[in-house]
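Content type mmCIF, C-alpha atoms and all ligand atoms; chains and numbers go by the auth columns, from the file entry10.cif:
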```cif
data_entry
loop_
_atom_site.group_PDB
_atom_site.id
_atom_site.type_symbol
_atom_site.label_atom_id
_atom_site.label_comp_id
_atom_site.label_asym_id
_atom_site.label_seq_id
_atom_site.Cartn_x
_atom_site.Cartn_y
_atom_site.Cartn_z
_atom_site.B_iso_or_equiv
_atom_site.auth_seq_id
_atom_site.auth_asym_id
ATOM 1 C CA MET A 1 123.887 182.715 198.718 0.00 1 Z
ATOM 2 C CA LYS A 2 127.163 184.226 199.898 0.00 2 Z
ATOM 3 C CA THR A 3 127.123 185.595 203.436 0.00 3 Z
ATOM 4 C CA GLY A 4 129.867 187.568 205.152 0.00 4 Z
ATOM 5 C CA VAL A 5 130.229 188.672 208.742 0.00 5 Z
ATOM 6 C CA TYR A 6 131.577 192.168 209.472 0.00 6 Z
ATOM 7 C CA PRO A 7 132.700 192.372 213.125 0.00 7 Z
ATOM 8 C CA GLY A 8 133.649 195.522 215.023 0.00 8 Z
ATOM 9 C CA SER A 9 132.823 197.851 217.875 0.00 9 Z
ATOM 10 C CA PHE A 10 131.047 200.439 215.699 0.00 10 Z
ATOM 11 C CA ASP A 11 131.253 202.925 218.582 0.00 11 Z
ATOM 12 C CA PRO A 12 129.970 204.774 216.568 0.00 12 Z
ATOM 13 C CA ILE A 13 129.657 203.710 212.909 0.00 13 Z
ATOM 14 C CA THR A 14 131.731 206.082 210.719 0.00 14 Z
ATOM 15 C CA LEU A 15 131.845 206.825 206.999 0.00 15 Z
ATOM 16 C CA GLY A 16 134.844 204.439 206.890 0.00 16 Z
ATOM 17 C CA HIS A 17 132.669 201.537 208.094 0.00 17 Z
ATOM 18 C CA VAL A 18 129.907 202.531 205.648 0.00 18 Z
ATOM 19 C CA ASP A 19 132.446 202.510 202.804 0.00 19 Z
ATOM 20 C CA ILE A 20 133.512 198.939 203.706 0.00 20 Z
ATOM 21 C CA VAL A 21 129.877 197.768 203.946 0.00 21 Z
ATOM 22 C CA LYS A 22 129.093 199.168 200.475 0.00 22 Z
ATOM 23 C CA ARG A 23 132.151 197.469 198.973 0.00 23 Z
ATOM 24 C CA ALA A 24 131.333 194.153 200.668 0.00 24 Z
ATOM 25 C CA LEU A 25 127.733 194.244 199.393 0.00 25 Z
ATOM 26 C CA LYS A 26 129.065 194.203 195.817 0.00 26 Z
ATOM 27 C CA ILE A 27 130.511 190.756 196.495 0.00 27 Z
ATOM 28 C CA PHE A 28 128.320 189.223 199.204 0.00 28 Z
ATOM 29 C CA ASP A 29 124.565 188.689 198.928 0.00 29 Z
ATOM 30 C CA ARG A 30 124.064 189.125 202.631 0.00 30 Z
ATOM 31 C CA LEU A 31 126.040 190.838 205.371 0.00 31 Z
ATOM 32 C CA ILE A 32 125.860 190.271 209.095 0.00 32 Z
ATOM 33 C CA ILE A 33 127.169 193.212 211.095 0.00 33 Z
ATOM 34 C CA LEU A 34 128.462 191.808 214.347 0.00 34 Z
ATOM 35 C CA ILE A 35 128.705 194.375 217.114 0.00 35 Z
ATOM 36 C CA SER A 36 131.218 193.376 219.736 0.00 36 Z
ATOM 37 C CA VAL A 37 129.901 193.731 223.244 0.00 37 Z
ATOM 38 C CA ASN A 38 132.611 193.419 225.841 0.00 38 Z
ATOM 39 C CA PRO A 39 131.447 194.263 229.372 0.00 39 Z
ATOM 40 C CA ARG A 40 135.057 195.039 230.329 0.00 40 Z
ATOM 41 C CA LYS A 41 135.464 197.555 227.513 0.00 41 Z
ATOM 42 C CA GLN A 42 133.858 200.927 228.031 0.00 42 Z
ATOM 43 C CA THR A 43 132.004 202.311 225.049 0.00 43 Z
ATOM 44 C CA LEU A 44 130.528 205.732 224.389 0.00 44 Z
ATOM 45 C CA PHE A 45 127.305 204.287 222.989 0.00 45 Z
ATOM 46 C CA THR A 46 125.226 201.410 224.350 0.00 46 Z
ATOM 47 C CA LYS A 47 124.612 198.337 222.225 0.00 47 Z
ATOM 48 C CA GLU A 48 121.057 199.603 221.498 0.00 48 Z
ATOM 49 C CA GLU A 49 122.343 203.021 220.411 0.00 49 Z
ATOM 50 C CA ARG A 50 124.953 201.444 218.136 0.00 50 Z
ATOM 51 C CA ILE A 51 122.314 199.211 216.538 0.00 51 Z
ATOM 52 C CA ASP A 52 119.987 202.188 216.032 0.00 52 Z
ATOM 53 C CA MET A 53 122.715 204.247 214.314 0.00 53 Z
ATOM 54 C CA ILE A 54 123.645 201.363 211.982 0.00 54 Z
ATOM 55 C CA GLU A 55 119.973 200.843 211.083 0.00 55 Z
ATOM 56 C CA GLN A 56 119.461 204.532 210.320 0.00 56 Z
ATOM 57 C CA VAL A 57 122.660 204.974 208.350 0.00 57 Z
ATOM 58 C CA LEU A 58 122.302 201.805 206.276 0.00 58 Z
ATOM 59 C CA ALA A 59 118.514 202.031 205.910 0.00 59 Z
ATOM 60 C CA GLU A 60 118.601 201.676 202.115 0.00 60 Z
ATOM 61 C CA CYS A 61 120.382 198.310 202.206 0.00 61 Z
ATOM 62 C CA LEU A 62 118.859 196.777 205.349 0.00 62 Z
ATOM 63 C CA ASP A 63 117.111 194.104 203.263 0.00 63 Z
ATOM 64 C CA ARG A 64 120.563 192.531 202.803 0.00 64 Z
ATOM 65 C CA ILE A 65 121.966 193.286 206.250 0.00 65 Z
ATOM 66 C CA THR A 66 121.380 191.615 209.601 0.00 66 Z
ATOM 67 C CA ILE A 67 122.686 193.231 212.781 0.00 67 Z
ATOM 68 C CA ARG A 68 123.727 190.995 215.655 0.00 68 Z
ATOM 69 C CA THR A 69 125.689 191.461 218.843 0.00 69 Z
ATOM 70 C CA SER A 70 128.657 189.271 219.441 0.00 70 Z
ATOM 71 C CA ASP A 71 128.995 187.203 222.591 0.00 71 Z
ATOM 72 C CA THR A 72 131.423 184.562 221.412 0.00 72 Z
ATOM 73 C CA LEU A 73 134.354 184.051 219.024 0.00 73 Z
ATOM 74 C CA THR A 74 133.736 185.606 215.604 0.00 74 Z
ATOM 75 C CA VAL A 75 134.576 182.373 213.735 0.00 75 Z
ATOM 76 C CA HIS A 76 132.059 180.405 215.777 0.00 76 Z
ATOM 77 C CA GLN A 77 129.389 183.015 215.313 0.00 77 Z
ATOM 78 C CA ALA A 78 130.143 183.228 211.588 0.00 78 Z
ATOM 79 C CA LYS A 79 129.661 179.472 211.209 0.00 79 Z
ATOM 80 C CA ASN A 80 126.462 179.438 213.282 0.00 80 Z
ATOM 81 C CA LEU A 81 125.027 182.233 211.143 0.00 81 Z
ATOM 82 C CA GLY A 82 125.875 180.476 207.875 0.00 82 Z
ATOM 83 C CA ALA A 83 128.652 182.867 206.808 0.00 83 Z
ATOM 84 C CA THR A 84 131.742 181.803 204.873 0.00 84 Z
ATOM 85 C CA HIS A 85 133.897 184.894 205.351 0.00 85 Z
ATOM 86 C CA ILE A 86 134.916 187.466 207.934 0.00 86 Z
ATOM 87 C CA ILE A 87 135.050 190.932 206.392 0.00 87 Z
ATOM 88 C CA ARG A 88 137.555 193.472 207.651 0.00 88 Z
ATOM 89 C CA GLY A 89 138.581 196.952 206.566 0.00 89 Z
ATOM 90 C CA LEU A 90 142.157 198.025 206.054 0.00 90 Z
ATOM 91 C CA ARG A 91 143.367 201.534 206.705 0.00 91 Z
ATOM 92 C CA ALA A 92 146.752 203.053 206.085 0.00 92 Z
ATOM 93 C CA LEU A 93 149.525 201.011 207.718 0.00 93 Z
ATOM 94 C CA THR A 94 148.176 200.509 211.236 0.00 94 Z
ATOM 95 C CA ASP A 95 145.676 197.698 210.643 0.00 95 Z
ATOM 96 C CA PHE A 96 147.893 195.199 208.840 0.00 96 Z
ATOM 97 C CA GLU A 97 149.852 193.598 211.643 0.00 97 Z
ATOM 98 C CA TYR A 98 146.831 193.110 213.895 0.00 98 Z
ATOM 99 C CA GLU A 99 144.715 191.743 211.047 0.00 99 Z
ATOM 100 C CA PHE A 100 147.536 189.382 210.033 0.00 100 Z
ATOM 101 C CA GLN A 101 147.604 187.884 213.540 0.00 101 Z
ATOM 102 C CA MET A 102 143.821 187.665 213.807 0.00 102 Z
ATOM 103 C CA THR A 103 143.466 185.961 210.432 0.00 103 Z
ATOM 104 C CA HIS A 104 145.951 183.257 211.352 0.00 104 Z
ATOM 105 C CA ALA A 105 144.348 182.752 214.754 0.00 105 Z
ATOM 106 C CA ASN A 106 140.896 182.501 213.150 0.00 106 Z
ATOM 107 C CA ARG A 107 142.172 180.006 210.575 0.00 107 Z
ATOM 108 C CA ALA A 108 143.601 177.858 213.315 0.00 108 Z
ATOM 109 C CA LEU A 109 140.208 177.913 215.036 0.00 109 Z
ATOM 110 C CA ASP A 110 138.220 177.113 211.897 0.00 110 Z
ATOM 111 C CA LYS A 111 139.856 176.476 208.547 0.00 111 Z
ATOM 112 C CA ASP A 112 136.549 176.813 206.668 0.00 112 Z
ATOM 113 C CA ILE A 113 135.995 180.452 207.605 0.00 113 Z
ATOM 114 C CA ASP A 114 138.293 182.741 205.649 0.00 114 Z
ATOM 115 C CA SER A 115 138.912 186.480 205.990 0.00 115 Z
ATOM 116 C CA ILE A 116 138.537 189.037 203.249 0.00 116 Z
ATOM 117 C CA PHE A 117 139.849 192.612 203.340 0.00 117 Z
ATOM 118 C CA PHE A 118 138.667 195.766 201.673 0.00 118 Z
ATOM 119 C CA MET A 119 140.642 198.964 201.455 0.00 119 Z
ATOM 120 C CA THR A 120 138.611 201.998 202.210 0.00 120 Z
ATOM 121 C CA ASP A 121 138.441 205.127 200.117 0.00 121 Z
ATOM 122 C CA ASN A 122 141.596 207.182 200.552 0.00 122 Z
ATOM 123 C CA LYS A 123 139.740 209.938 202.364 0.00 123 Z
ATOM 124 C CA TYR A 124 138.779 207.553 205.183 0.00 124 Z
ATOM 125 C CA SER A 125 142.081 205.741 205.484 0.00 125 Z
ATOM 126 C CA PHE A 126 143.072 207.554 208.671 0.00 126 Z
ATOM 127 C CA LEU A 127 139.611 207.568 210.204 0.00 127 Z
ATOM 128 C CA SER A 128 138.633 205.588 213.312 0.00 128 Z
ATOM 129 C CA SER A 129 135.794 205.756 215.831 0.00 129 Z
ATOM 130 C CA THR A 130 138.407 206.772 218.402 0.00 130 Z
ATOM 131 C CA THR A 131 139.486 209.764 216.289 0.00 131 Z
ATOM 132 C CA VAL A 132 135.853 210.773 215.906 0.00 132 Z
ATOM 133 C CA LYS A 133 135.337 210.725 219.683 0.00 133 Z
ATOM 134 C CA GLU A 134 138.500 212.751 220.242 0.00 134 Z
ATOM 135 C CA ILE A 135 137.415 215.400 217.746 0.00 135 Z
ATOM 136 C CA ALA A 136 133.948 215.485 219.322 0.00 136 Z
ATOM 137 C CA GLN A 137 135.393 216.151 222.762 0.00 137 Z
ATOM 138 C CA PHE A 138 136.861 219.388 221.455 0.00 138 Z
ATOM 139 C CA LYS A 139 133.751 220.294 219.440 0.00 139 Z
ATOM 140 C CA GLY A 140 135.459 219.813 216.086 0.00 140 Z
ATOM 141 C CA ASP A 141 133.403 219.482 212.900 0.00 141 Z
ATOM 142 C CA LEU A 142 132.524 215.824 212.264 0.00 142 Z
ATOM 143 C CA SER A 143 130.699 216.298 208.949 0.00 143 Z
ATOM 144 C CA SER A 144 133.331 214.598 206.815 0.00 144 Z
ATOM 145 C CA PHE A 145 133.781 211.637 209.195 0.00 145 Z
ATOM 146 C CA VAL A 146 130.342 210.381 210.180 0.00 146 Z
ATOM 147 C CA PRO A 147 126.844 210.345 208.635 0.00 147 Z
ATOM 148 C CA LYS A 148 124.503 213.204 209.668 0.00 148 Z
ATOM 149 C CA TYR A 149 122.434 211.026 212.006 0.00 149 Z
ATOM 150 C CA VAL A 150 125.540 209.847 213.876 0.00 150 Z
ATOM 151 C CA LYS A 151 126.848 213.419 214.129 0.00 151 Z
ATOM 152 C CA GLN A 152 123.573 214.408 215.759 0.00 152 Z
ATOM 153 C CA LYS A 153 123.769 211.498 218.248 0.00 153 Z
ATOM 154 C CA ILE A 154 127.367 212.382 219.154 0.00 154 Z
ATOM 155 C CA GLU A 155 126.409 216.010 219.702 0.00 155 Z
ATOM 156 C CA GLU A 156 123.549 214.943 221.984 0.00 156 Z
ATOM 157 C CA LYS A 157 125.987 212.830 223.997 0.00 157 Z
ATOM 158 C CA PHE A 158 128.708 215.452 224.319 0.00 158 Z
ATOM 159 C CA TYR A 159 126.975 218.802 224.337 0.00 159 Z
ATOM 160 C CA LYS A 160 123.592 218.225 225.986 0.00 160 Z
HETATM 161 P P1 LIG B . 137.649 201.248 215.020 0.00 201 Z
HETATM 162 O O1 LIG B . 138.963 200.581 214.767 0.00 201 Z
HETATM 163 O O2 LIG B . 137.421 202.479 214.209 0.00 201 Z
HETATM 164 O O3 LIG B . 137.294 201.413 216.466 0.00 201 Z
HETATM 165 P P2 LIG B . 135.981 198.910 214.679 0.00 201 Z
HETATM 166 O O4 LIG B . 136.515 198.066 215.758 0.00 201 Z
HETATM 167 O O5 LIG B . 134.532 199.179 214.730 0.00 201 Z
HETATM 168 O O6 LIG B . 136.601 200.324 214.456 0.00 201 Z
HETATM 169 O O7 LIG B . 136.415 198.277 213.287 0.00 201 Z
HETATM 170 C C1 LIG B . 135.724 197.256 212.632 0.00 201 Z
HETATM 171 C C2 LIG B . 136.382 196.999 211.301 0.00 201 Z
HETATM 172 O O8 LIG B . 136.206 198.143 210.466 0.00 201 Z
HETATM 173 C C3 LIG B . 137.891 196.739 211.338 0.00 201 Z
HETATM 174 O O9 LIG B . 138.200 195.824 210.321 0.00 201 Z
HETATM 175 C C4 LIG B . 138.469 198.078 211.013 0.00 201 Z
HETATM 176 O O10 LIG B . 139.745 197.967 210.437 0.00 201 Z
HETATM 177 C C5 LIG B . 137.459 198.584 210.005 0.00 201 Z
HETATM 178 N N1 LIG B . 137.460 200.033 209.914 0.00 201 Z
HETATM 179 C C6 LIG B . 137.198 200.944 210.870 0.00 201 Z
HETATM 180 N N2 LIG B . 137.318 202.207 210.388 0.00 201 Z
HETATM 181 C C7 LIG B . 137.684 202.079 209.087 0.00 201 Z
HETATM 182 C C8 LIG B . 138.012 202.997 208.049 0.00 201 Z
HETATM 183 N N3 LIG B . 138.024 204.310 208.233 0.00 201 Z
HETATM 184 N N4 LIG B . 138.343 202.489 206.857 0.00 201 Z
HETATM 185 C C9 LIG B . 138.387 201.151 206.672 0.00 201 Z
HETATM 186 N N5 LIG B . 138.113 200.239 207.591 0.00 201 Z
HETATM 187 C C10 LIG B . 137.766 200.681 208.791 0.00 201 Z
#
```
Take the structure in this file and express it as structure tokens.
Amino acid sequence: MKTGVYPGSFDPITLGHVDIVKRALKIFDRLIILISVNPRKQTLFTKEERIDMIEQVLAECLDRITIRTSDTLTVHQAKNLGATHIIRGLRALTDFEYEFQMTHANRALDKDIDSIFFMTDNKYSFLSSTTVKEIAQFKGDLSSFVPKYVKQKIEEKFYK
């Protein structure tokens, strides 16, 4: 059984993340979504809210997905959870340099855990959770960036 770990903040999960999950599930039997929880980093949504949104949005494939929060290095957590690969998404231009550094650092920490990259659909290649939050602040339409359930949760946060 091939297991991959997909780490990120998912604050909130966007259609770009969903696209990467769907692609990864074609190759991996099981996926562990690892939500980074950094007490020094402020997030819009709590860990519980982020988990709830992921569960709702990926309901139809939850039998192959486990959601965990991350409290240690991704490579260590990947190994402890029986995963062989770290899954990452690549967007237009910006992600490469950071991912390049992270992959080499992770390899130095554990040579058995490799990283694998998926390119998202073109229409999501400029999409980030940060962009979504910026658009939300100015009441822009989020329909083409996040699933309906997430849109509703963002609206509750910003407009109620
Ligand atoms: P963000 O950078 O949007 O705040 P995360 O920290 O949650 O997102 O990112 C987790 C992983 O998902 C990273 O590998 C990131 O490159 C990838 N990712 C995020 N948004 C997209 C997208 N629109 N298309 C492809 N990959 C994405």
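Within the 8 Å cut-off around range 21-30 of chain Z, using only C-alpha atoms and omitting residues fewer than 4 positions from it on the same chain, the listed residues are Z:Met1, Z:Lys2, Z:Thr3, Z:Gly4, Z:His17, Z:Arg64, Z:Ile65, Z:Thr66, Z:Ile87, Z:Phe118.
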Original post:
Exactly which residues make up the result of the PyMOL selection byres (((not hetatm)) within 7 of (chain Z and resi 201)) on this file, given as a PyMOL selection string?
Top reply: chain Z and resi 7-11+13-17+20+88-91+95+119-120+124-130
**OP:** Identify which of the residues Z:Ile113, Z:Cys61, Z:Val18, Z:Val37 lies closest to Asn80 in chain Z, counting only C-alpha atoms when measuring atom-to-atom distances.
**Re:**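 Of all the options, Z:Ile113 lies closest to Asn80 in chain Z.
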**OP:** Grab the CA of Pro12 in chain Z to CA of Met53 in chain Z distance for me, in Å with one decimal place.
**Re:** 7.6 Å
**OP:** Could you tell me which residues the PyMOL selection byres (((chain Z and resi 115) around 7) and not hetatm) grabs in this file, written as a list of chain:residue names?
**Re:** Z:His85, Z:Ile86, Z:Ile87, Z:Thr103, Z:Ile113, Z:Asp114, Z:Ile116, Z:Phe117
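From CA of Val150 in chain Z back to CA of Thr72 in chain Z, the distance works out to 27.0 Å.
For the pair CA of Gln137 in chain Z and CA of Phe45 in chain Z, the interatomic distance is 14.4 Å.
Comparing Z:Val5, Z:His76, Z:Thr46, Z:Ile54 by their smallest distance to Leu34 in chain Z, the closest is Z:Val5 (using all atoms listed in the file).
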Original post:
Nearest to Phe145 in chain Z: which of Z:Ile33, Z:Leu44, Z:Leu62, Z:Val132 is it, counting only C-alpha atoms?
Top reply: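 Closest residue, counting only C-alpha atoms: Z:Val132.
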**OP:** Could you state which residues are captured by the PyMOL selection byres (((chain Z and resi 159) around 10) and not hetatm) in this file, as a list in words?
**Re:** Ala136, Gln137, Lys139, Ile154, Glu155, Glu156, Lys157, Phe158 and Lys160 of chain Z
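Closest approach to Ala83 in chain Z among Z:Thr131, Z:Leu31, Z:Asp52, Z:Asp63 is made by Z:Leu31 (distances from only C-alpha atoms).
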When you get a chance, write out N, CA, C and O atoms for range 122-135 of chain Z, as a PDB file, keeping the file's coordinate frame.
```pdb
ATOM      1  N   ASN Z 122     140.446 206.445 200.017  1.00  0.00           N
ATOM      2  CA  ASN Z 122     141.596 207.182 200.552  1.00  0.00           C
ATOM      3  C   ASN Z 122     141.213 208.187 201.645  1.00  0.00           C
ATOM      4  O   ASN Z 122     141.909 208.332 202.641  1.00  0.00           O
ATOM      5  N   LYS Z 123     140.083 208.861 201.420  1.00  0.00           N
ATOM      6  CA  LYS Z 123     139.740 209.938 202.364  1.00  0.00           C
ATOM      7  C   LYS Z 123     139.349 209.430 203.752  1.00  0.00           C
ATOM      8  O   LYS Z 123     139.286 210.195 204.696  1.00  0.00           O
ATOM      9  N   TYR Z 124     139.113 208.103 203.866  1.00  0.00           N
ATOM     10  CA  TYR Z 124     138.779 207.553 205.183  1.00  0.00           C
ATOM     11  C   TYR Z 124     139.910 206.696 205.756  1.00  0.00           C
ATOM     12  O   TYR Z 124     139.740 206.034 206.778  1.00  0.00           O
ATOM     13  N   SER Z 125     141.053 206.710 205.097  1.00  0.00           N
ATOM     14  CA  SER Z 125     142.081 205.741 205.484  1.00  0.00           C
ATOM     15  C   SER Z 125     142.797 206.093 206.788  1.00  0.00           C
ATOM     16  O   SER Z 125     143.607 205.306 207.263  1.00  0.00           O
ATOM     17  N   PHE Z 126     142.499 207.236 207.359  1.00  0.00           N
ATOM     18  CA  PHE Z 126     143.072 207.554 208.671  1.00  0.00           C
ATOM     19  C   PHE Z 126     141.969 207.754 209.720  1.00  0.00           C
ATOM     20  O   PHE Z 126     142.206 208.266 210.798  1.00  0.00           O
ATOM     21  N   LEU Z 127     140.760 207.309 209.344  1.00  0.00           N
ATOM     22  CA  LEU Z 127     139.611 207.568 210.204  1.00  0.00           C
ATOM     23  C   LEU Z 127     139.290 206.378 211.120  1.00  0.00           C
ATOM     24  O   LEU Z 127     139.250 205.244 210.670  1.00  0.00           O
ATOM     25  N   SER Z 128     139.072 206.642 212.388  1.00  0.00           N
ATOM     26  CA  SER Z 128     138.633 205.588 213.312  1.00  0.00           C
ATOM     27  C   SER Z 128     137.563 206.172 214.244  1.00  0.00           C
ATOM     28  O   SER Z 128     137.460 207.402 214.401  1.00  0.00           O
ATOM     29  N   SER Z 129     136.811 205.291 214.884  1.00  0.00           N
ATOM     30  CA  SER Z 129     135.794 205.756 215.831  1.00  0.00           C
ATOM     31  C   SER Z 129     136.466 206.519 216.966  1.00  0.00           C
ATOM     32  O   SER Z 129     135.907 207.483 217.499  1.00  0.00           O
ATOM     33  N   THR Z 130     137.666 206.097 217.328  1.00  0.00           N
ATOM     34  CA  THR Z 130     138.407 206.772 218.402  1.00  0.00           C
ATOM     35  C   THR Z 130     138.730 208.213 218.006  1.00  0.00           C
ATOM     36  O   THR Z 130     138.528 209.146 218.797  1.00  0.00           O
ATOM     37  N   THR Z 131     139.198 208.403 216.771  1.00  0.00           N
ATOM     38  CA  THR Z 131     139.486 209.764 216.289  1.00  0.00           C
ATOM     39  C   THR Z 131     138.230 210.621 216.345  1.00  0.00           C
ATOM     40  O   THR Z 131     138.263 211.773 216.784  1.00  0.00           O
ATOM     41  N   VAL Z 132     137.121 210.041 215.920  1.00  0.00           N
ATOM     42  CA  VAL Z 132     135.853 210.773 215.906  1.00  0.00           C
ATOM     43  C   VAL Z 132     135.503 211.253 217.319  1.00  0.00           C
ATOM     44  O   VAL Z 132     135.129 212.410 217.534  1.00  0.00           O
ATOM     45  N   LYS Z 133     135.680 210.360 218.298  1.00  0.00           N
ATOM     46  CA  LYS Z 133     135.337 210.725 219.683  1.00  0.00           C
ATOM     47  C   LYS Z 133     136.280 211.798 220.217  1.00  0.00           C
ATOM     48  O   LYS Z 133     135.876 212.680 220.961  1.00  0.00           O
ATOM     49  N   GLU Z 134     137.540 211.726 219.800  1.00  0.00           N
ATOM     50  CA  GLU Z 134     138.500 212.751 220.242  1.00  0.00           C
ATOM     51  C   GLU Z 134     138.149 214.115 219.660  1.00  0.00           C
ATOM     52  O   GLU Z 134     138.176 215.130 220.354  1.00  0.00           O
ATOM     53  N   ILE Z 135     137.793 214.133 218.396  1.00  0.00           N
ATOM     54  CA  ILE Z 135     137.415 215.400 217.746  1.00  0.00           C
ATOM     55  C   ILE Z 135     136.153 215.959 218.416  1.00  0.00           C
ATOM     56  O   ILE Z 135     136.045 217.155 218.687  1.00  0.00           O
TER      57      ILE Z 135
END
```
